[in-house]
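To keep things clear, I will list the structure first and then write my remarks on it.
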Amino acid sequence: MINISELHNELISDATKVLIVGQQMDKIGKMISATIEARIQNELEQEYKDLNVESQGDLFEDLLKTAKEFDLLDDLALVPEPPKQDISTLKKRIKYCKNPMEKKKLEQELNALYKEHKRNRRTVS
């Protein structure tokens, strides 16, 4: 006769072993991943050193410092208005637009262009 309690204990111990092995595999995977990331980072740093290139953070800071010296940041603050589209281009964009919100916005722009075009014809005539 099979003792149910012994079978139950064996199943629980086997299940526990599987869980422990799974947890150990996760830890091993994380360690391997961390090791690979560290190795890649070291290789990249070595390549930067070999090329006599500083890290990108320093490069950005250098560009920012240079821009401040020549007052280029003031010029960048003034962003010109994007050029207006013509009616035919807007019609094509509306025709092939899949996003209903964008399509509605484009239709509003087209209506505004029509009104502006009509206003310009009246003032010229």
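Each chain in the structure tokens gets a letter, A, B and so on, in the order shown; residues start at 1 in every chain, and ligands are counted from 1 in the order they appear.
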
*Within 12 Å of A:Lys103, counting only C-alpha atoms, which residues qualify if same-chain residues fewer than 6 places away don't, as a ChimeraX atom specification?*
/A:90-97,109-110

Go ahead and dump the residues you just picked, all heavy atoms, as an mmCIF file, in the first residue's frame.
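again_29.cif, written as the output of this step:
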data_model
loop_
_atom_site.group_PDB
_atom_site.id
_atom_site.type_symbol
_atom_site.label_atom_id
_atom_site.label_comp_id
_atom_site.auth_asym_id
_atom_site.auth_seq_id
_atom_site.Cartn_x
_atom_site.Cartn_y
_atom_site.Cartn_z
ATOM 1 N N LEU A 90 -2.261 69.889 -48.287
ATOM 2 C CA LEU A 90 -3.149 69.552 -47.176
ATOM 3 C C LEU A 90 -4.222 68.563 -47.610
ATOM 4 O O LEU A 90 -4.564 67.647 -46.868
ATOM 5 C CB LEU A 90 -3.808 70.815 -46.619
ATOM 6 C CG LEU A 90 -3.058 71.505 -45.499
ATOM 7 C CD1 LEU A 90 -3.768 72.763 -45.075
ATOM 8 C CD2 LEU A 90 -2.857 70.604 -44.320
ATOM 9 N N LYS A 91 -4.755 68.728 -48.808
ATOM 10 C CA LYS A 91 -5.766 67.796 -49.313
ATOM 11 C C LYS A 91 -5.210 66.383 -49.389
ATOM 12 O O LYS A 91 -5.874 65.410 -49.012
ATOM 13 C CB LYS A 91 -6.275 68.228 -50.690
ATOM 14 C CG LYS A 91 -7.255 69.361 -50.665
ATOM 15 C CD LYS A 91 -7.726 69.640 -52.087
ATOM 16 C CE LYS A 91 -8.781 70.697 -52.129
ATOM 17 N NZ LYS A 91 -9.234 70.951 -53.504
ATOM 18 N N LYS A 92 -3.986 66.254 -49.879
ATOM 19 C CA LYS A 92 -3.360 64.929 -49.984
ATOM 20 C C LYS A 92 -3.129 64.331 -48.600
ATOM 21 O O LYS A 92 -3.364 63.138 -48.389
ATOM 22 C CB LYS A 92 -2.034 65.027 -50.730
ATOM 23 C CG LYS A 92 -2.191 65.248 -52.211
ATOM 24 C CD LYS A 92 -0.843 65.370 -52.881
ATOM 25 C CE LYS A 92 -1.016 65.744 -54.340
ATOM 26 N NZ LYS A 92 0.266 65.998 -54.984
ATOM 27 N N ARG A 93 -2.676 65.154 -47.671
ATOM 28 C CA ARG A 93 -2.446 64.644 -46.311
ATOM 29 C C ARG A 93 -3.748 64.183 -45.676
ATOM 30 O O ARG A 93 -3.786 63.172 -44.982
ATOM 31 C CB ARG A 93 -1.783 65.726 -45.456
ATOM 32 C CG ARG A 93 -0.311 65.915 -45.820
ATOM 33 C CD ARG A 93 0.381 66.851 -44.890
ATOM 34 N NE ARG A 93 0.414 66.309 -43.530
ATOM 35 C CZ ARG A 93 0.679 67.034 -42.463
ATOM 36 N NH1 ARG A 93 0.923 68.325 -42.571
ATOM 37 N NH2 ARG A 93 0.698 66.490 -41.269
ATOM 38 N N ILE A 94 -4.823 64.935 -45.902
ATOM 39 C CA ILE A 94 -6.131 64.549 -45.360
ATOM 40 C C ILE A 94 -6.589 63.242 -45.989
ATOM 41 O O ILE A 94 -7.105 62.354 -45.308
ATOM 42 C CB ILE A 94 -7.166 65.671 -45.576
ATOM 43 C CG1 ILE A 94 -6.835 66.868 -44.688
ATOM 44 C CG2 ILE A 94 -8.580 65.171 -45.301
ATOM 45 C CD1 ILE A 94 -7.649 68.111 -44.982
ATOM 46 N N LYS A 95 -6.383 63.109 -47.279
ATOM 47 C CA LYS A 95 -6.834 61.923 -47.999
ATOM 48 C C LYS A 95 -6.200 60.649 -47.446
ATOM 49 O O LYS A 95 -6.861 59.621 -47.309
ATOM 50 C CB LYS A 95 -6.506 62.071 -49.488
ATOM 51 C CG LYS A 95 -6.976 60.927 -50.345
ATOM 52 C CD LYS A 95 -6.657 61.189 -51.805
ATOM 53 C CE LYS A 95 -7.102 60.042 -52.686
ATOM 54 N NZ LYS A 95 -6.769 60.285 -54.098
ATOM 55 N N TYR A 96 -4.920 60.714 -47.127
ATOM 56 C CA TYR A 96 -4.204 59.514 -46.698
ATOM 57 C C TYR A 96 -4.032 59.415 -45.179
ATOM 58 O O TYR A 96 -3.377 58.504 -44.689
ATOM 59 C CB TYR A 96 -2.831 59.443 -47.364
ATOM 60 C CG TYR A 96 -2.950 59.284 -48.860
ATOM 61 C CD1 TYR A 96 -2.628 60.334 -49.716
ATOM 62 C CD2 TYR A 96 -3.406 58.096 -49.407
ATOM 63 C CE1 TYR A 96 -2.755 60.191 -51.085
ATOM 64 C CE2 TYR A 96 -3.537 57.952 -50.775
ATOM 65 C CZ TYR A 96 -3.209 58.999 -51.603
ATOM 66 O OH TYR A 96 -3.342 58.850 -52.952
ATOM 67 N N CYS A 97 -4.630 60.327 -44.428
ATOM 68 C CA CYS A 97 -4.494 60.333 -42.978
ATOM 69 C C CYS A 97 -5.377 59.247 -42.367
ATOM 70 O O CYS A 97 -6.549 59.107 -42.699
ATOM 71 C CB CYS A 97 -4.884 61.699 -42.425
ATOM 72 S SG CYS A 97 -4.643 61.833 -40.669
ATOM 73 N N GLU A 109 -7.049 73.259 -40.581
ATOM 74 C CA GLU A 109 -6.004 74.045 -41.246
ATOM 75 C C GLU A 109 -6.397 74.361 -42.680
ATOM 76 O O GLU A 109 -6.173 75.475 -43.168
ATOM 77 C CB GLU A 109 -4.677 73.284 -41.228
ATOM 78 C CG GLU A 109 -4.019 73.202 -39.873
ATOM 79 C CD GLU A 109 -2.703 72.437 -39.912
ATOM 80 O OE1 GLU A 109 -2.042 72.402 -40.980
ATOM 81 O OE2 GLU A 109 -2.326 71.866 -38.882
ATOM 82 N N LEU A 110 -6.985 73.377 -43.360
ATOM 83 C CA LEU A 110 -7.414 73.585 -44.738
ATOM 84 C C LEU A 110 -8.496 74.656 -44.814
ATOM 85 O O LEU A 110 -8.457 75.538 -45.688
ATOM 86 C CB LEU A 110 -7.924 72.268 -45.340
ATOM 87 C CG LEU A 110 -8.373 72.314 -46.795
ATOM 88 C CD1 LEU A 110 -7.205 72.676 -47.705
ATOM 89 C CD2 LEU A 110 -8.977 70.982 -47.209
#

_What does the structure give for the distance between atom CA of A:Glu6 and atom CA of A:Gln23, in Å to one decimal?_
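These two atoms are separated by 25.5 Å.
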